[in-house]
>>> print(open('structure-v9.cif').read())   # mmCIF, C-alpha atoms and all ligand atoms
data_input
loop_
_atom_site.label_atom_id
_atom_site.label_comp_id
_atom_site.auth_asym_id
_atom_site.auth_seq_id
_atom_site.Cartn_x
_atom_site.Cartn_y
_atom_site.Cartn_z
CA MET D 903 120.00 74.07 115.22
CA GLN D 904 122.34 76.87 116.32
CA GLY D 905 124.26 76.34 119.56
CA LYS D 906 124.22 78.79 122.44
CA PHE D 907 126.95 81.33 123.19
CA ILE D 908 127.52 81.99 126.91
CA VAL D 909 130.02 84.64 128.02
CA ILE D 910 131.39 85.12 131.53
CA GLU D 911 132.53 88.68 132.28
CA GLY D 912 133.62 90.68 135.29
CA PRO D 913 136.71 92.27 136.86
CA ASP D 914 139.96 90.45 137.75
CA GLY D 915 139.73 87.83 140.46
CA THR D 916 135.96 87.50 140.49
CA GLY D 917 136.18 83.75 139.73
CA LYS D 918 135.34 83.70 136.00
CA THR D 919 137.88 81.05 135.04
CA THR D 920 136.91 78.83 137.97
CA GLN D 921 133.22 79.03 137.09
CA ALA D 922 133.73 78.66 133.34
CA ARG D 923 135.28 75.27 134.05
CA GLU D 924 132.37 74.30 136.33
CA LEU D 925 129.77 75.41 133.79
CA VAL D 926 131.43 73.48 130.97
CA GLN D 927 131.45 70.39 133.15
CA ALA D 928 127.79 70.76 134.09
CA LEU D 929 126.67 71.32 130.49
CA THR D 930 128.75 68.40 129.28
CA ALA D 931 127.29 66.17 132.00
CA ALA D 932 123.84 67.23 130.78
CA GLY D 933 124.72 65.91 127.33
CA ARG D 934 125.61 69.19 125.58
CA ASP D 935 128.50 69.36 123.17
CA VAL D 936 130.53 72.28 124.58
CA GLU D 937 133.46 74.36 123.36
CA HIS D 938 135.38 76.05 126.20
CA VAL D 939 137.43 79.08 125.18
CA ARG D 940 139.04 82.12 126.75
CA GLU D 941 139.96 85.62 125.66
CA PRO D 942 142.41 86.70 124.57
CA GLY D 943 143.29 83.33 123.07
CA GLY D 944 141.20 80.20 122.63
CA CYS D 945 142.85 78.94 119.42
CA PRO D 946 146.52 78.61 118.40
CA SER D 947 146.75 81.88 116.44
CA ALA D 948 144.98 83.87 119.16
CA GLU D 949 147.06 82.27 121.92
CA ARG D 950 150.18 83.53 120.14
CA ILE D 951 148.70 87.04 120.13
CA ARG D 952 147.81 86.57 123.83
CA ALA D 953 151.45 86.00 124.68
CA LEU D 954 152.33 89.43 123.23
CA LEU D 955 149.60 91.01 125.37
CA VAL D 956 150.05 89.41 128.77
CA GLU D 957 153.82 89.03 129.07
CA GLY D 958 156.32 91.81 129.71
CA GLU D 959 155.91 95.30 131.14
CA PRO D 960 152.92 97.66 130.99
CA GLY D 961 154.82 100.10 128.74
CA ASP D 962 155.81 97.54 126.11
CA LEU D 963 152.82 98.29 123.87
CA LEU D 964 151.15 101.53 122.85
CA ASN D 965 147.51 101.76 123.95
CA TRP D 966 146.01 101.37 120.50
CA THR D 967 148.41 98.51 119.75
CA GLU D 968 146.96 96.75 122.78
CA ALA D 969 143.40 97.38 121.58
CA LEU D 970 144.22 96.23 118.04
CA LEU D 971 145.93 93.05 119.22
CA MET D 972 143.03 92.23 121.56
CA ASN D 973 140.64 92.52 118.67
CA ALA D 974 142.92 90.66 116.28
CA ALA D 975 142.90 87.75 118.75
CA ARG D 976 139.12 88.11 119.11
CA HIS D 977 138.64 87.97 115.33
CA GLU D 978 140.68 84.76 115.09
CA LEU D 979 138.66 83.18 117.91
CA VAL D 980 135.23 84.25 116.66
CA GLU D 981 135.76 83.23 113.04
CA ARG D 982 137.83 80.08 113.54
CA VAL D 983 136.18 78.61 116.64
CA ILE D 984 133.05 80.28 118.02
CA ARG D 985 130.99 80.79 114.87
CA PRO D 986 131.76 77.35 113.42
CA ALA D 987 130.91 75.71 116.77
CA LEU D 988 127.59 77.55 117.05
CA ASP D 989 126.75 76.76 113.42
CA ALA D 990 127.39 73.07 114.16
CA GLY D 991 124.94 73.24 117.07
CA ARG D 992 127.59 73.19 119.77
CA TRP D 993 127.52 75.35 122.90
CA VAL D 994 130.31 77.82 123.59
CA VAL D 995 131.41 79.03 127.02
CA CYS D 996 133.77 81.98 126.66
CA ASP D 997 135.85 83.38 129.55
CA ARG D 998 135.72 87.18 128.76
CA TYR D 999 134.56 88.85 125.52
CA TYR D 1000 134.37 92.36 124.07
CA HIS D 1001 133.06 93.85 127.32
CA SER D 1002 136.63 93.44 128.60
CA THR D 1003 137.90 95.70 125.81
CA LEU D 1004 135.40 98.38 126.75
CA ALA D 1005 136.41 98.15 130.43
CA TYR D 1006 140.21 97.79 130.08
CA GLN D 1007 141.11 99.65 126.91
CA GLY D 1008 138.13 102.03 127.14
CA GLY D 1009 137.76 102.69 130.88
CA GLY D 1010 141.28 101.76 131.96
CA LEU D 1011 143.38 103.28 129.15
CA GLY D 1012 140.89 105.98 128.19
CA LEU D 1013 140.60 105.04 124.50
CA ASP D 1014 137.63 106.45 122.60
CA THR D 1015 134.68 104.09 122.99
CA GLY D 1016 133.16 104.94 119.60
CA ARG D 1017 136.35 103.83 117.87
CA LEU D 1018 136.56 100.76 120.11
CA ASP D 1019 132.96 99.86 119.21
CA ALA D 1020 133.89 100.02 115.52
CA LEU D 1021 136.93 97.82 116.12
CA ILE D 1022 134.85 95.32 118.09
CA GLU D 1023 132.25 95.22 115.31
CA MET D 1024 135.04 94.45 112.84
CA ALA D 1025 136.44 91.71 115.08
CA THR D 1026 133.15 90.00 115.96
CA GLY D 1027 130.94 90.75 112.96
CA GLY D 1028 128.36 91.75 115.56
CA LEU D 1029 128.20 88.36 117.26
CA GLU D 1030 126.49 88.85 120.64
CA PRO D 1031 126.26 86.34 123.50
CA ASP D 1032 122.99 84.46 123.99
CA LEU D 1033 123.63 84.94 127.70
CA LEU D 1034 126.10 87.20 129.49
CA LEU D 1035 126.95 86.14 133.04
CA ALA D 1036 128.08 89.40 134.68
CA PHE D 1037 130.14 88.66 137.80
CA SER D 1038 130.31 91.18 140.60
CA LEU D 1039 132.39 91.10 143.79
CA SER D 1040 133.74 93.72 146.21
CA ALA D 1041 137.11 95.21 145.22
CA GLU D 1042 138.71 93.81 148.41
CA ASP D 1043 137.57 90.23 147.83
CA ALA D 1044 138.50 90.35 144.14
CA LEU D 1045 141.98 91.67 144.94
CA ALA D 1046 142.53 88.99 147.58
CA ARG D 1047 141.53 86.26 145.10
CA ALA D 1048 143.65 87.71 142.29
CA ARG D 1049 146.68 87.90 144.61
CA ALA D 1050 146.21 84.26 145.64
CA ARG D 1051 146.44 83.17 142.02
CA GLU D 1052 149.87 82.13 140.70
CA ASP D 1053 150.80 82.87 137.11
CA GLU D 1054 153.29 84.62 134.88
CA GLU D 1055 150.83 86.89 133.13
CA LYS D 1056 151.55 90.06 135.03
CA ARG D 1057 151.55 92.81 132.41
CA PHE D 1058 148.01 93.98 133.26
CA GLU D 1059 148.30 93.44 137.00
CA ALA D 1060 151.50 95.51 137.10
CA ARG D 1061 149.59 98.70 136.23
CA GLU D 1062 148.95 101.35 138.89
CA ASP D 1063 146.01 101.32 141.31
CA SER D 1064 144.21 104.20 139.58
CA TYR D 1065 144.09 102.16 136.35
CA HIS D 1066 142.49 99.22 138.17
CA ALA D 1067 139.96 101.53 139.82
CA ARG D 1068 139.00 102.95 136.40
CA VAL D 1069 138.61 99.44 134.99
CA ARG D 1070 136.33 98.40 137.85
CA ALA D 1071 134.14 101.49 137.53
CA SER D 1072 133.97 101.04 133.78
CA TYR D 1073 133.05 97.36 134.11
CA ALA D 1074 130.07 98.22 136.26
CA GLN D 1075 128.80 100.60 133.55
CA VAL D 1076 129.59 98.28 130.63
CA LEU D 1077 127.80 95.35 132.26
CA ARG D 1078 124.78 97.53 133.04
CA ASP D 1079 124.66 98.78 129.43
CA ALA D 1080 124.91 95.20 128.13
CA ALA D 1081 121.29 94.55 129.11
CA ALA D 1082 120.21 96.72 126.19
CA ARG D 1083 122.00 94.39 123.73
CA GLY D 1084 120.94 90.96 124.99
CA PRO D 1085 120.19 88.73 127.99
CA VAL D 1086 122.34 89.46 131.05
CA ALA D 1087 122.32 87.56 134.35
CA GLU D 1088 124.04 89.38 137.19
CA ILE D 1089 125.96 86.90 139.29
CA ASP D 1090 126.87 87.63 142.90
CA ALA D 1091 130.40 86.17 142.89
CA SER D 1092 130.85 86.27 146.68
CA GLY D 1093 130.96 83.18 148.86
CA SER D 1094 132.31 79.73 148.17
CA PRO D 1095 132.97 78.39 144.66
CA GLU D 1096 130.09 75.96 145.24
CA ALA D 1097 127.69 78.78 146.12
CA VAL D 1098 128.66 80.75 143.01
CA ARG D 1099 128.35 77.61 140.90
CA GLU D 1100 124.76 77.18 142.06
CA ARG D 1101 123.93 80.77 141.06
CA VAL D 1102 125.52 80.31 137.64
CA LEU D 1103 123.73 77.03 136.92
CA HIS D 1104 120.46 78.56 138.07
CA ALA D 1105 120.88 81.50 135.69
CA VAL D 1106 121.74 79.22 132.76
CA ALA D 1107 118.84 76.86 133.45
CA ASP D 1108 116.56 79.88 133.69
CA GLN D 1109 117.65 81.28 130.32
CA PHE D 1110 117.77 77.99 128.44
CA LYS D 1111 114.95 75.75 129.59
CA GLY D 1112 115.97 72.10 129.66
CA ALA D 1113 119.67 72.86 129.15
CA LEU D 1114 120.77 71.41 132.48
N1 LIG A 1201 134.31 81.61 145.22
C1 LIG A 1201 135.61 81.67 145.47
N2 LIG A 1201 136.07 81.85 146.74
C2 LIG A 1201 137.39 81.91 146.99
N3 LIG A 1201 138.37 81.80 146.07
C3 LIG A 1201 137.97 81.64 144.79
C4 LIG A 1201 136.58 81.55 144.43
N4 LIG A 1201 136.51 81.40 143.09
C5 LIG A 1201 137.77 81.37 142.64
N5 LIG A 1201 138.67 81.51 143.64
C6 LIG A 1201 140.14 81.56 143.57
O1 LIG A 1201 140.46 82.92 143.33
C7 LIG A 1201 141.48 83.04 142.33
C8 LIG A 1201 140.93 83.81 141.13
O2 LIG A 1201 139.88 83.03 140.53
P1 LIG A 1201 139.75 82.96 138.94
O3 LIG A 1201 141.09 82.78 138.32
O4 LIG A 1201 138.69 81.97 138.64
O5 LIG A 1201 139.20 84.44 138.66
P2 LIG A 1201 139.11 85.23 137.29
O6 LIG A 1201 137.90 86.06 137.36
O7 LIG A 1201 139.23 84.28 136.16
O8 LIG A 1201 140.40 86.13 137.37
P3 LIG A 1201 141.14 86.92 136.14
O9 LIG A 1201 140.20 87.96 135.68
O10 LIG A 1201 142.33 87.53 136.79
O11 LIG A 1201 141.44 85.87 135.12
C9 LIG A 1201 141.91 81.61 142.01
O12 LIG A 1201 143.04 81.30 142.80
C10 LIG A 1201 140.70 80.78 142.40
O13 LIG A 1201 141.06 79.48 142.79
MG MG A 1202 140.54 84.19 134.56
#
>>> encode(input="structure-v9.cif", output="structure tokens", more="lines below")
Ligand SMILES: Nc1ncnc2c1ncn2[C@@H]1O[C@H](COP(=O)(O)OP(=O)(O)OP(=O)(O)O)[C@@H](O)[C@H]1O
Ligand SMILES: [Mg+2]
Amino acid sequence: MQGKFIVIEGPDGTGKTTQARELVQALTAAGRDVEHVREPGGCPSAERIRALLVEGEPGDLLNWTEALLMNAARHELVERVIRPALDAGRWVVCDRYYHSTLAYQGGGLGLDTGRLDALIEMATGGLEPDLLLAFSLSAEDALARARAREDEEKRFEAREDSYHARVRASYAQVLRDAAARGPVAEIDASGSPEAVRERVLHAVADQFKGAL
């Protein structure tokens, strides 16, 4: 039997990484065999591409170079890890997927979405999530959480405010449009990590009866 592919998406600082960890734990505790991956990255070749993307200054890469590298990393992850795991009946929880490309490189950088769609199709072979958990949170709360986080991956965060506003607006649209392509559960990401965890587990149990 095929495994299930669950994607967590939403703007910076909404708590995706925190909740991906929680979800993997809950599924594992329920006896599922789970692969936990993130984008960009998730396997050695894609993590090397990630380093090119997240380190350094905003101007280090041309816009289409950024889009191409994102999708090169995605292709490595989909073909080397996600598809084989699903084919082996394992579950996959993925922190970000192609919706991020549409929001950041499409909405944020203004790249043509038709060409991005073609690139994404090439990278993923059309693989869609079995469930998309779409996180939403006010801009103020998301910014406060993102600021509280310590890491060295500042290339995206260093961009100007207008870029981040475009990404947020684009995310809202991309996540709304996603409902036409497959199951989407909107997750209110406000409140404590425990409260959000409950909403996530509820959505997953709802979509996959007997999973948890
Ligand atoms: N519900 C919550 N309430 C308060 N703080 C939270 C909550 N969830 C996560 N955090 C904290 O907020 C910060 C950002 O969370 P996290 O890294 O999970 O978000 P993210 O969506 O993965 O962000 P990014 O898109 O930048 O990777 C972290 O320091 C995390 O510990
Ligand atoms: Mg994260």
>>> residues_around(input="structure-v9.cif", residues="range 997-1007 of chain D", least_positions_apart="3", cutoff="9 Å", atoms="all atoms listed in the file", output="ChimeraX atom specification")
/D:908-913,918-919,922,938-942,965-966,968-969,972-973,976,1010-1015,1018-1019,1022,1026,1031,1065-1066,1068-1077,1080
>>> closest_residue(input="structure-v9.cif", among="D:Arg1017, D:Ala1046, D:Arg985, D:Leu1035", to="Arg1099 in chain D", atoms="only C-alpha atoms")
D:Leu1035
>>> closest_residue(input="structure-v9.cif", among="D:Leu1039, D:Leu955, D:Ala1044, D:Leu979", to="Glu1088 in chain D", atoms="all atoms listed in the file")
D:Leu1039
>>> atom_distance(input="structure-v9.cif", atom1="atom O9 of ligand LIG 1201 (chain A)", atom2="CA of Ala1060 in chain D")
13.7 Å
>>> residues_near_ligand(input="structure-v9.cif", ligand="ligand LIG 1201 (chain A)", cutoff="7 Å", atoms="all atoms listed in the file", output="list in words")
Gly912, Pro913, Asp914, Gly915, Thr916, Gly917, Lys918, Thr919, Thr920, Gln921, Arg1047, Ala1048, Ala1050, Arg1051, Ala1091, Ser1092, Gly1093, Ser1094, Pro1095 and Val1098 of chain D
>>> closest_residue(input="structure-v9.cif", among="D:Leu963, D:Ala1025, D:Ala932, D:Ala1105", to="Ala975 in chain D", atoms="only C-alpha atoms")
D:Ala1025
>>> closest_residue(input="structure-v9.cif", among="D:Arg992, D:Thr930, D:Glu1055, D:Leu1034", to="ligand MG 1202 (chain A)", atoms="all atoms listed in the file")
D:Glu1055
>>> atom_distance(input="structure-v9.cif", atom1="CA of Cys945 in chain D", atom2="CA of Ala928 in chain D")
22.6 Å
>>> atom_distance(input="structure-v9.cif", atom1="CA of Asp962 in chain D", atom2="CA of Ala1020 in chain D")
24.5 Å
>>> closest_residue(input="structure-v9.cif", among="D:Glu949, D:Glu978, D:Asp1032, D:Glu1023", to="Lys906 in chain D", atoms="all atoms listed in the file")
D:Asp1032
>>> closest_residue(input="structure-v9.cif", among="D:Asp1053, D:Val1102, D:Pro960, D:Ala1087", to="ligand MG 1202 (chain A)", atoms="only C-alpha atoms and all ligand atoms")
D:Asp1053
>>> residues_around(input="structure-v9.cif", residues="range 1112-1114 of chain D", least_positions_apart="5", cutoff="9 Å", atoms="all atoms listed in the file", output="PyMOL selection string")
chain D and resi 928-929+931-934+1103+1106-1107
